[in-house]
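Accompanying notes for the structure given below.
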Amino acid sequence: MALLDQWRSVAYNEKLDRNRLQQLWGAYFKEEKAVYQVLLKTPDEVVEGTVKELADKFGITVMSMTGFLDGINDSLKEPNPIETMEEDTHVQLGFDKELLYKNMVAADADWLYELEEWNDIFDEDTKKRLYKEQKNSTTIVKEARVYPNDPCPCGSGKKYKKCCGKK
């Protein structure tokens with residue numbers, strides 16, 4: 001079984017005790033935060049190695065590294081083969097800074113997009129702009145409904161029901 005399948009079978013196991021899942025995710029989020037703190041100190045450096053080597057480098061388990069790689073994959077300049085990776089699969093962590101920030105916002109991961117390390121990468125205005133861009137990209141805007149007695153949107157000056165709203 002590929003590492004990603006193993007990770008998902010544990011992390012998203014609905015049969016596990018709720019407290020056990022909360023402990024698992026709580027521990028994972030602490031490890032994830034620590035890895036990002038290291039990566040964001042040198043954001044232009046592409047960290048690479050096997051899954052096992054990176055897990056050892058960051059002092060986390062292979063399973064936690066697998067979860068991390070799953071989470072960051074959409075933010076990488078060149079995605080890793082996460083679906084088929086094993087401990088000896090070579091991976092890299094060359095991420096797009098803006099995309100990573102936006103993906104953290106999209107995941108509502110405030111413990112990540114509010115890391116102090118971002119202050120050395122983006123100024124406050126850039127962070128606000130990226131935050132707004134991400135939030136606006138998921139906002140659904142409904143068109144204003146035109147009622148029968150409203151002026152017709154075509155600009156004729158007639159009521160909608162007597163103009164474009166005729167059946």
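Residue numbers start at 1 in each chain; chains themselves are named A, B, ... in the order of the structure tokens; ligands are numbered from 1 in the order shown.
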Which residues are close to segment 100-112 of chain A, i.e. within 9 Å by only C-alpha atoms, leaving aside same-chain residues fewer than 5 positions away? Reply as number ranges by chain. A: 29, 32-33, 36-37, 72, 74-76, 95, 118, 127, 130-131, 133-135, 138
Could the residues in this selection be written to a file with C-alpha atoms, as a PDB file, in the first residue's frame?
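Here's the written file again-v8.pdb:
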ATOM      1  CA  PHE A  29      -0.715  20.259  13.155  1.00  0.00           C
ATOM      2  CA  GLU A  32       3.246  20.727  10.266  1.00  0.00           C
ATOM      3  CA  LYS A  33       3.671  24.170  11.816  1.00  0.00           C
ATOM      4  CA  TYR A  36       6.640  25.366   7.752  1.00  0.00           C
ATOM      5  CA  GLN A  37       8.572  27.546  10.200  1.00  0.00           C
ATOM      6  CA  ILE A  72       1.698  21.112   0.305  1.00  0.00           C
ATOM      7  CA  ASP A  74      -0.967  21.806  -4.618  1.00  0.00           C
ATOM      8  CA  SER A  75       1.366  24.688  -3.709  1.00  0.00           C
ATOM      9  CA  LEU A  76       4.502  23.225  -5.305  1.00  0.00           C
ATOM     10  CA  PHE A  95       6.783  25.983  -3.412  1.00  0.00           C
ATOM     11  CA  TRP A 118       5.571  35.293   6.522  1.00  0.00           C
ATOM     12  CA  LYS A 127      -0.695  39.472   2.834  1.00  0.00           C
ATOM     13  CA  LEU A 130      -3.529  37.592  -1.075  1.00  0.00           C
ATOM     14  CA  TYR A 131      -6.028  36.898   1.711  1.00  0.00           C
ATOM     15  CA  GLU A 133      -7.969  37.327  -3.444  1.00  0.00           C
ATOM     16  CA  GLN A 134      -8.373  33.863  -1.969  1.00  0.00           C
ATOM     17  CA  LYS A 135     -11.557  34.673  -0.055  1.00  0.00           C
ATOM     18  CA  THR A 138     -14.638  31.299  -3.399  1.00  0.00           C
TER      19      THR A 138
END
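Using only C-alpha atoms for every distance, the candidate list A:Asp120, A:Arg18, A:Phe58, A:Lys77 yields A:Lys77 as the residue closest to Leu99 of chain A.
Proximity of A:Leu40, A:Gln92, A:Asn73, A:Asp125 to Tyr113 of chain A, computed with only C-alpha atoms, is greatest for A:Leu40.
Taking atom CA of Tyr28 of chain A as the reference point, atom CA of Glu53 of chain A is found at 18.1 Å.
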For the atom pair atom CA of Glu78 of chain A and atom CA of Glu98 of chain A, what is the interatomic distance in Å to one decimal place? 14.8 Å
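Going from atom CA of Trp7 of chain A over to atom CA of Thr66 of chain A, you cover 6.7 Å.
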Excluding Thr61 of chain A and any residue of its chain fewer than 3 positions from it, enumerate the residues within 12 Å of it, using only C-alpha atoms, and give them as a PyMOL selection string. chain A and resi 3+7+27-28+31-32+51-58+64-68+87
Might you pull out every residue within 8 Å of segment 9-13 of chain A, with only C-alpha atoms counted and same-chain residues fewer than 3 positions away left off, and present them as a ChimeraX atom specification? /A:5-6,16,21,24-25
Identify, on the basis of only C-alpha atoms, every residue whose closest approach to Val46 of chain A does not exceed 10 Å; exclude the query and any residue fewer than 2 positions from it along the same chain; express the result as an mmCIF file with N, CA, C and O atoms, in the first residue's frame.
data_model
loop_
_atom_site.group_PDB
_atom_site.id
_atom_site.type_symbol
_atom_site.label_atom_id
_atom_site.label_comp_id
_atom_site.auth_asym_id
_atom_site.auth_seq_id
_atom_site.Cartn_x
_atom_site.Cartn_y
_atom_site.Cartn_z
ATOM 1 N N LEU A 39 10.823 25.891 6.668
ATOM 2 C CA LEU A 39 10.795 26.152 5.225
ATOM 3 C C LEU A 39 10.672 27.643 4.904
ATOM 4 O O LEU A 39 11.278 28.131 3.954
ATOM 5 N N THR A 42 13.807 30.123 4.703
ATOM 6 C CA THR A 42 14.558 30.193 3.442
ATOM 7 C C THR A 42 13.598 29.760 2.316
ATOM 8 O O THR A 42 13.752 28.675 1.756
ATOM 9 N N PRO A 43 12.628 30.614 1.984
ATOM 10 C CA PRO A 43 11.567 30.223 1.058
ATOM 11 C C PRO A 43 12.014 29.948 -0.377
ATOM 12 O O PRO A 43 11.307 29.265 -1.112
ATOM 13 N N ASP A 44 13.171 30.449 -0.766
ATOM 14 C CA ASP A 44 13.626 30.232 -2.137
ATOM 15 C C ASP A 44 14.514 28.992 -2.269
ATOM 16 O O ASP A 44 14.876 28.601 -3.380
ATOM 17 N N GLU A 48 14.989 19.027 -0.792
ATOM 18 C CA GLU A 48 14.657 17.783 -1.479
ATOM 19 C C GLU A 48 15.368 16.602 -0.843
ATOM 20 O O GLU A 48 16.321 16.754 -0.095
ATOM 21 N N GLN A 92 10.531 16.871 -3.599
ATOM 22 C CA GLN A 92 11.096 18.210 -3.421
ATOM 23 C C GLN A 92 10.017 19.136 -2.895
ATOM 24 O O GLN A 92 8.829 18.894 -3.066
ATOM 25 N N LEU A 93 10.442 20.211 -2.239
ATOM 26 C CA LEU A 93 9.507 21.151 -1.624
ATOM 27 C C LEU A 93 9.684 22.564 -2.168
ATOM 28 O O LEU A 93 9.712 23.530 -1.419
ATOM 29 N N GLY A 94 9.822 22.684 -3.488
ATOM 30 C CA GLY A 94 9.940 23.996 -4.118
ATOM 31 C C GLY A 94 8.552 24.587 -4.309
ATOM 32 O O GLY A 94 7.855 24.253 -5.251
ATOM 33 N N PHE A 95 8.154 25.470 -3.397
ATOM 34 C CA PHE A 95 6.783 25.983 -3.412
ATOM 35 C C PHE A 95 6.675 27.397 -3.970
ATOM 36 O O PHE A 95 7.619 28.174 -3.921
#
Considering only helix (DSSP H, G or I) as DSSP defines it on the backbone, what residues of chain A qualify? List them as a PyMOL selection string. chain A and resi 3-11+18-41+51-58+62-75+97-106+110-113+116-120+124-137+160-162
From the DSSP assignment of the backbone, select every residue of chain A that is strand (DSSP E or B), and format the answer as a PyMOL selection string. chain A and resi 48-50+76+90-92+95+151+159
